[in-house]
$ cat my_file_32.pdb   # PDB, C-alpha atoms, pLDDT in the B column
MODEL        1
ATOM      1  CA  MET S   1       0.000   0.000   0.000  1.00 80.00           C
ATOM      2  CA  ILE S   2       2.983   2.348  -0.236  1.00 91.00           C
ATOM      3  CA  ILE S   3       3.762   4.646  -3.158  1.00 94.00           C
ATOM      4  CA  GLN S   4       7.173   6.030  -4.039  1.00 96.00           C
ATOM      5  CA  ILE S   5       8.006   9.401  -5.536  1.00 97.00           C
ATOM      6  CA  LYS S   6      11.324   8.884  -7.292  1.00 97.00           C
ATOM      7  CA  GLY S   7      13.221   9.662 -10.473  1.00 97.00           C
ATOM      8  CA  LYS S   8      14.732  13.097 -11.010  1.00 97.00           C
ATOM      9  CA  VAL S   9      14.452  14.070  -7.354  1.00 97.00           C
ATOM     10  CA  ASN S  10      17.052  14.832  -4.700  1.00 97.00           C
ATOM     11  CA  PHE S  11      15.099  12.966  -2.038  1.00 97.00           C
ATOM     12  CA  PRO S  12      13.002   9.948  -3.036  1.00 97.00           C
ATOM     13  CA  ILE S  13       9.924   9.771  -0.815  1.00 95.00           C
ATOM     14  CA  THR S  14       7.838   6.810   0.273  1.00 96.00           C
ATOM     15  CA  LEU S  15       4.178   7.645   0.874  1.00 95.00           C
ATOM     16  CA  ASP S  16       1.962   5.558   3.130  1.00 93.00           C
ATOM     17  CA  PRO S  17      -1.697   6.502   2.489  1.00 92.00           C
ATOM     18  CA  THR S  18      -2.870   4.323   5.375  1.00 87.00           C
ATOM     19  CA  VAL S  19      -1.669   6.913   7.914  1.00 88.00           C
ATOM     20  CA  TRP S  20      -3.085   9.988   6.167  1.00 89.00           C
ATOM     21  CA  ILE S  21      -6.380   9.606   8.016  1.00 83.00           C
ATOM     22  CA  PHE S  22      -4.568  11.148  11.007  1.00 82.00           C
ATOM     23  CA  ASP S  23      -3.097  14.035   8.984  1.00 84.00           C
ATOM     24  CA  ASP S  24      -4.639  17.503   9.320  1.00 83.00           C
ATOM     25  CA  ARG S  25      -3.961  18.262   5.642  1.00 88.00           C
ATOM     26  CA  LYS S  26      -6.592  15.784   4.436  1.00 90.00           C
ATOM     27  CA  ILE S  27      -9.702  17.199   2.760  1.00 90.00           C
ATOM     28  CA  ILE S  28     -13.144  15.672   2.434  1.00 89.00           C
ATOM     29  CA  LEU S  29     -13.526  14.656  -1.218  1.00 88.00           C
ATOM     30  CA  GLU S  30     -16.995  16.122  -1.629  1.00 84.00           C
ATOM     31  CA  GLU S  31     -15.861  19.482  -0.212  1.00 86.00           C
ATOM     32  CA  LEU S  32     -12.754  19.751  -2.399  1.00 83.00           C
ATOM     33  CA  PHE S  33     -14.465  20.763  -5.608  1.00 73.00           C
ATOM     34  CA  ILE S  34     -17.150  22.806  -3.849  1.00 73.00           C
ATOM     35  CA  GLU S  35     -14.280  24.854  -2.374  1.00 57.00           C
ATOM     36  CA  ARG S  36     -12.786  25.215  -5.854  1.00 55.00           C
ATOM     37  CA  GLU S  37     -16.037  26.624  -7.249  1.00 55.00           C
ATOM     38  CA  THR S  38     -16.256  29.082  -4.346  1.00 56.00           C
ATOM     39  CA  GLU S  39     -12.636  30.156  -4.822  1.00 56.00           C
ATOM     40  CA  GLU S  40     -13.256  30.893  -8.501  1.00 56.00           C
ATOM     41  CA  LYS S  41     -15.847  33.464  -7.490  1.00 57.00           C
ATOM     42  CA  LYS S  42     -13.498  35.375  -5.172  1.00 56.00           C
ATOM     43  CA  ASP S  43     -11.807  38.491  -6.476  1.00 66.00           C
ATOM     44  CA  ASP S  44      -8.120  38.384  -7.386  1.00 67.00           C
ATOM     45  CA  ALA S  45      -6.944  40.522  -4.448  1.00 71.00           C
ATOM     46  CA  GLN S  46      -8.574  38.203  -1.940  1.00 73.00           C
ATOM     47  CA  LYS S  47      -7.106  35.138  -3.675  1.00 70.00           C
ATOM     48  CA  THR S  48      -3.628  36.662  -3.623  1.00 73.00           C
ATOM     49  CA  ALA S  49      -3.891  37.507   0.088  1.00 74.00           C
ATOM     50  CA  GLU S  50      -5.043  33.980   0.937  1.00 72.00           C
ATOM     51  CA  MET S  51      -2.263  32.389  -1.136  1.00 69.00           C
ATOM     52  CA  PHE S  52       0.294  34.578   0.655  1.00 70.00           C
ATOM     53  CA  ASP S  53      -1.080  33.603   4.073  1.00 70.00           C
ATOM     54  CA  GLN S  54      -1.061  29.926   3.123  1.00 67.00           C
ATOM     55  CA  GLU S  55       2.533  30.097   1.833  1.00 65.00           C
ATOM     56  CA  ILE S  56       3.709  31.794   5.038  1.00 64.00           C
ATOM     57  CA  TYR S  57       1.921  29.116   7.057  1.00 58.00           C
ATOM     58  CA  PHE S  58       3.614  26.242   5.196  1.00 56.00           C
ATOM     59  CA  GLN S  59       7.056  27.900   5.320  1.00 57.00           C
ATOM     60  CA  THR S  60       6.872  28.347   9.091  1.00 56.00           C
ATOM     61  CA  LYS S  61       5.866  24.733   9.753  1.00 53.00           C
ATOM     62  CA  ILE S  62       8.778  22.332   9.903  1.00 48.00           C
ATOM     63  CA  LYS S  63       6.776  19.176  10.477  1.00 52.00           C
ATOM     64  CA  PRO S  64       3.477  18.299   8.814  1.00 54.00           C
ATOM     65  CA  PRO S  65       0.467  19.022  10.979  1.00 52.00           C
ATOM     66  CA  VAL S  66      -0.702  15.720  12.425  1.00 53.00           C
ATOM     67  CA  ASN S  67      -3.530  15.186  14.888  1.00 51.00           C
ATOM     68  CA  GLN S  68      -2.138  14.072  18.238  1.00 53.00           C
ATOM     69  CA  SER S  69      -5.419  12.416  19.112  1.00 55.00           C
ATOM     70  CA  LEU S  70      -8.836  12.231  17.515  1.00 53.00           C
ATOM     71  CA  ASN S  71     -11.929  13.072  19.480  1.00 60.00           C
ATOM     72  CA  ARG S  72     -15.068  10.967  19.116  1.00 60.00           C
ATOM     73  CA  PHE S  73     -16.594  13.243  16.467  1.00 58.00           C
ATOM     74  CA  GLU S  74     -13.422  13.164  14.347  1.00 62.00           C
ATOM     75  CA  ARG S  75     -13.218   9.362  14.618  1.00 58.00           C
ATOM     76  CA  GLU S  76     -16.823   8.966  13.470  1.00 64.00           C
ATOM     77  CA  LYS S  77     -16.247  11.407  10.620  1.00 62.00           C
ATOM     78  CA  ALA S  78     -13.116   9.495   9.546  1.00 59.00           C
ATOM     79  CA  LEU S  79     -15.193   6.321   9.284  1.00 64.00           C
ATOM     80  CA  LYS S  80     -17.929   7.910   7.144  1.00 75.00           C
ATOM     81  CA  GLU S  81     -16.163  10.304   4.766  1.00 84.00           C
ATOM     82  CA  SER S  82     -13.966   9.894   1.687  1.00 87.00           C
ATOM     83  CA  PHE S  83     -10.729  11.875   1.833  1.00 91.00           C
ATOM     84  CA  VAL S  84      -8.089  13.304  -0.494  1.00 93.00           C
ATOM     85  CA  MET S  85      -4.592  14.587   0.230  1.00 94.00           C
ATOM     86  CA  PRO S  86      -2.885  17.440  -1.664  1.00 95.00           C
ATOM     87  CA  LEU S  87       0.338  16.286  -3.340  1.00 95.00           C
ATOM     88  CA  ASP S  88       2.176  19.615  -3.483  1.00 95.00           C
ATOM     89  CA  SER S  89       4.018  19.335  -0.162  1.00 93.00           C
ATOM     90  CA  PHE S  90       5.244  15.813  -0.965  1.00 96.00           C
ATOM     91  CA  VAL S  91       6.498  16.838  -4.410  1.00 96.00           C
ATOM     92  CA  THR S  92       8.161  19.936  -2.965  1.00 95.00           C
ATOM     93  CA  ASN S  93       9.882  17.908  -0.219  1.00 95.00           C
ATOM     94  CA  SER S  94      11.266  15.473  -2.786  1.00 96.00           C
ATOM     95  CA  GLU S  95      13.042  18.458  -4.417  1.00 96.00           C
ATOM     96  CA  PRO S  96      12.657  17.702  -8.128  1.00 97.00           C
ATOM     97  CA  GLU S  97      15.719  18.522 -10.200  1.00 97.00           C
ATOM     98  CA  ASP S  98      15.635  21.616 -12.400  1.00 96.00           C
ATOM     99  CA  SER S  99      15.495  19.458 -15.531  1.00 96.00           C
ATOM    100  CA  ALA S 100      12.346  17.640 -14.330  1.00 96.00           C
ATOM    101  CA  ASN S 101       9.177  18.662 -16.171  1.00 96.00           C
ATOM    102  CA  SER S 102       6.822  15.679 -16.117  1.00 97.00           C
ATOM    103  CA  ALA S 103       5.646  12.793 -13.960  1.00 97.00           C
ATOM    104  CA  ARG S 104       4.926   9.208 -14.936  1.00 97.00           C
ATOM    105  CA  LEU S 105       2.142   7.573 -12.945  1.00 97.00           C
ATOM    106  CA  LYS S 106       2.790   3.823 -12.882  1.00 95.00           C
ATOM    107  CA  THR S 107      -0.408   1.777 -12.772  1.00 91.00           C
ATOM    108  CA  ASP S 108      -1.389  -1.831 -13.368  1.00 83.00           C
ATOM    109  CA  GLY S 109      -2.291  -0.828 -16.930  1.00 85.00           C
ATOM    110  CA  ASP S 110      -0.802   1.866 -19.103  1.00 91.00           C
ATOM    111  CA  ASP S 111       1.455   4.507 -17.591  1.00 94.00           C
ATOM    112  CA  ILE S 112       0.041   8.031 -17.450  1.00 95.00           C
ATOM    113  CA  ILE S 113       2.262  11.046 -18.116  1.00 97.00           C
ATOM    114  CA  ILE S 114       1.309  14.458 -16.733  1.00 97.00           C
ATOM    115  CA  SER S 115       3.231  17.687 -16.276  1.00 96.00           C
ATOM    116  CA  LEU S 116       5.078  18.330 -13.036  1.00 97.00           C
ATOM    117  CA  GLU S 117       2.854  21.364 -12.458  1.00 95.00           C
ATOM    118  CA  GLN S 118      -0.286  19.215 -12.826  1.00 96.00           C
ATOM    119  CA  LEU S 119       1.167  16.791 -10.287  1.00 97.00           C
ATOM    120  CA  ARG S 120       1.843  19.607  -7.805  1.00 96.00           C
ATOM    121  CA  GLU S 121      -1.737  20.851  -8.125  1.00 95.00           C
ATOM    122  CA  SER S 122      -3.270  17.373  -7.829  1.00 96.00           C
ATOM    123  CA  TYR S 123      -4.993  15.562  -4.998  1.00 96.00           C
ATOM    124  CA  VAL S 124      -4.929  11.854  -4.265  1.00 95.00           C
ATOM    125  CA  ARG S 125      -7.909  10.018  -2.895  1.00 93.00           C
ATOM    126  CA  PHE S 126      -6.887   7.478  -0.285  1.00 93.00           C
ATOM    127  CA  SER S 127     -10.147   6.501   1.399  1.00 88.00           C
ATOM    128  CA  ASP S 128     -13.706   5.634   0.511  1.00 86.00           C
ATOM    129  CA  LYS S 129     -16.138   6.062   3.388  1.00 82.00           C
ATOM    130  CA  GLY S 130     -13.410   5.466   5.947  1.00 76.00           C
ATOM    131  CA  LYS S 131     -11.895   2.436   4.234  1.00 80.00           C
ATOM    132  CA  GLN S 132      -8.788   2.011   2.109  1.00 82.00           C
ATOM    133  CA  LEU S 133      -9.327   1.955  -1.644  1.00 81.00           C
ATOM    134  CA  ALA S 134      -9.544  -1.751  -2.310  1.00 75.00           C
ATOM    135  CA  ASP S 135     -10.576  -1.430  -5.970  1.00 77.00           C
ATOM    136  CA  ASN S 136      -7.927   0.158  -8.157  1.00 81.00           C
ATOM    137  CA  GLY S 137      -5.998   1.444  -5.134  1.00 80.00           C
ATOM    138  CA  PRO S 138      -4.006   2.422  -3.236  1.00 90.00           C
ATOM    139  CA  ILE S 139      -4.645   5.956  -4.555  1.00 94.00           C
ATOM    140  CA  HIS S 140      -6.674   7.763  -7.210  1.00 93.00           C
ATOM    141  CA  LEU S 141      -5.400  11.063  -8.642  1.00 95.00           C
ATOM    142  CA  TYR S 142      -7.632  14.097  -9.225  1.00 95.00           C
ATOM    143  CA  PHE S 143      -6.440  17.237 -10.990  1.00 94.00           C
ATOM    144  CA  GLY S 144      -6.754  20.369  -8.878  1.00 90.00           C
ATOM    145  CA  ASP S 145      -9.015  22.034 -11.447  1.00 88.00           C
ATOM    146  CA  GLY S 146     -11.501  19.166 -11.196  1.00 87.00           C
ATOM    147  CA  SER S 147     -11.263  18.330 -14.896  1.00 90.00           C
ATOM    148  CA  ASN S 148     -11.074  14.578 -14.248  1.00 92.00           C
ATOM    149  CA  THR S 149     -13.500  14.375 -11.328  1.00 89.00           C
ATOM    150  CA  GLU S 150     -15.694  11.843 -13.117  1.00 90.00           C
ATOM    151  CA  ASN S 151     -12.742   9.777 -14.352  1.00 92.00           C
ATOM    152  CA  PRO S 152      -9.729  10.017 -11.971  1.00 93.00           C
ATOM    153  CA  PHE S 153      -6.515   8.120 -12.601  1.00 94.00           C
ATOM    154  CA  LYS S 154      -6.767   4.914 -10.565  1.00 92.00           C
ATOM    155  CA  GLY S 155      -4.444   2.193  -9.352  1.00 91.00           C
ATOM    156  CA  ILE S 156      -1.354   4.387  -9.041  1.00 94.00           C
ATOM    157  CA  LYS S 157       1.501   2.361  -7.605  1.00 93.00           C
ATOM    158  CA  GLU S 158       4.455   4.679  -8.219  1.00 95.00           C
ATOM    159  CA  ILE S 159       5.202   8.289  -9.240  1.00 97.00           C
ATOM    160  CA  ILE S 160       8.338   8.838 -11.282  1.00 97.00           C
ATOM    161  CA  ILE S 161       9.504  12.423 -11.832  1.00 98.00           C
ATOM    162  CA  GLU S 162      11.071  12.753 -15.301  1.00 97.00           C
TER     163      GLU S 162
ENDMDL
END
$ encode --input "my_file_32.pdb" --output "structure tokens"
Amino acid sequence: MIIQIKGKVNFPITLDPTVWIFDDRKIILEELFIERETEEKKDDAQKTAEMFDQEIYFQTKIKPPVNQSLNRFEREKALKESFVMPLDSFVTNSEPEDSANSARLKTDGDDIIISLEQLRESYVRFSDKGKQLADNGPIHLYFGDGSNTENPFKGIKEIIIE
């Protein structure tokens, strides 16, 4: 159930989606694209201010925010919701080389090639109603713009930066 980010990176990373349920960065799948629609309606100045605040927040955090303990409500929610995780921080921490410009998503079937920027802006689904993705898992990839919401890339076993 682990996925590697490797290739033209300074630090290959091993991802374990089974522990992301405890990570504060997770987002409820159904809310992800509702948020995107709401963000599109905001004016540019507000978007810029929010992006700046978010960047400052991530630069000041050394360790990823992880729940120390889950209260009863959070545990029940974790067992009922489907979650996604943004990929940007993982890609950034792997430090892709300057020559890297694409990513190969290794699956059971054909490999999928996307741009490095698309990978950074993507989200990976790791749970379905509180359970691991048994069918076509361990992760499904959704573009940040929601363009493949109906048909995400499934069965991703490895991410190779090229």
$ residues_around --input "my_file_32.pdb" --residues "Asp88 (chain S)" --least-positions-apart "2" --cutoff "8 Å" --atoms "all atoms listed in the file" --output "list in words"
Pro86, Phe90, Val91, Thr92, Leu119, Arg120, Glu121 and Ser122 of chain S
$ residues_around --input "my_file_32.pdb" --residues "Lys106 (chain S)" --least-positions-apart "4" --cutoff "9 Å" --atoms "all atoms listed in the file" --output "PyMOL selection string"
chain S and resi 110-113+155-160
$ atom_distance --input "my_file_32.pdb" --atom1 "CA of Asp23 (chain S)" --atom2 "CA of Asp53 (chain S)"
20.3 Å
$ resolve_selection --input "my_file_32.pdb" --expression "the PyMOL selection byres ((chain S and resi 26) around 8)" --output "list in words"
Trp20, Ile21, Asp23, Asp24, Arg25, Ile27, Ile28, Phe83, Val84, Met85 and Pro86 of chain S
$ atom_distance --input "my_file_32.pdb" --atom1 "CA of His140 (chain S)" --atom2 "CA of Glu117 (chain S)"
17.4 Å
$ residues_around --input "my_file_32.pdb" --residues "Ser147 (chain S)" --least-positions-apart "3" --cutoff "12 Å" --atoms "all atoms listed in the file" --output "PDB file with C-alpha atoms, keeping the file's coordinate frame"
ATOM      1  CA  PHE S  33     -14.465  20.763  -5.608  1.00 73.00           C
ATOM      2  CA  ARG S  36     -12.786  25.215  -5.854  1.00 55.00           C
ATOM      3  CA  GLN S 118      -0.286  19.215 -12.826  1.00 96.00           C
ATOM      4  CA  GLU S 121      -1.737  20.851  -8.125  1.00 95.00           C
ATOM      5  CA  SER S 122      -3.270  17.373  -7.829  1.00 96.00           C
ATOM      6  CA  LEU S 141      -5.400  11.063  -8.642  1.00 95.00           C
ATOM      7  CA  TYR S 142      -7.632  14.097  -9.225  1.00 95.00           C
ATOM      8  CA  PHE S 143      -6.440  17.237 -10.990  1.00 94.00           C
ATOM      9  CA  GLY S 144      -6.754  20.369  -8.878  1.00 90.00           C
ATOM     10  CA  GLU S 150     -15.694  11.843 -13.117  1.00 90.00           C
ATOM     11  CA  ASN S 151     -12.742   9.777 -14.352  1.00 92.00           C
ATOM     12  CA  PRO S 152      -9.729  10.017 -11.971  1.00 93.00           C
ATOM     13  CA  PHE S 153      -6.515   8.120 -12.601  1.00 94.00           C
TER      14      PHE S 153
END
$ closest_residue --input "my_file_32.pdb" --among "S:Ala49, S:Leu29, S:Ile139, S:Ile34" --to "Leu15 (chain S)" --atoms "all atoms listed in the file"
S:Ile139
$ resolve_selection --input "my_file_32.pdb" --expression "the PyMOL selection byres ((chain S and resi 102) around 10)" --output "MDAnalysis selection string"
chainID S and resid 8 99:101 103:105 113:119 160:162
$ closest_residue --input "my_file_32.pdb" --among "S:Ser82, S:Ala134, S:Glu50, S:Glu95" --to "Gly7 (chain S)" --atoms "all atoms listed in the file"
S:Glu95
$ resolve_selection --input "my_file_32.pdb" --expression "the PyMOL selection byres ((chain S and resi 94) around 9)" --output "PyMOL selection string"
chain S and resi 5-6+9-13+89-93+95-96
$ atom_distance --input "my_file_32.pdb" --atom1 "CA of Asp16 (chain S)" --atom2 "CA of Thr107 (chain S)"
16.5 Å
$ closest_residue --input "my_file_32.pdb" --among "S:Glu30, S:Asp98, S:Glu81, S:Asp128" --to "Thr149 (chain S)" --atoms "only C-alpha atoms"
S:Glu30
$ closest_residue --input "my_file_32.pdb" --among "S:Asp135, S:Lys80, S:Gly146, S:Phe126" --to "Ile3 (chain S)" --atoms "all atoms listed in the file"
S:Phe126
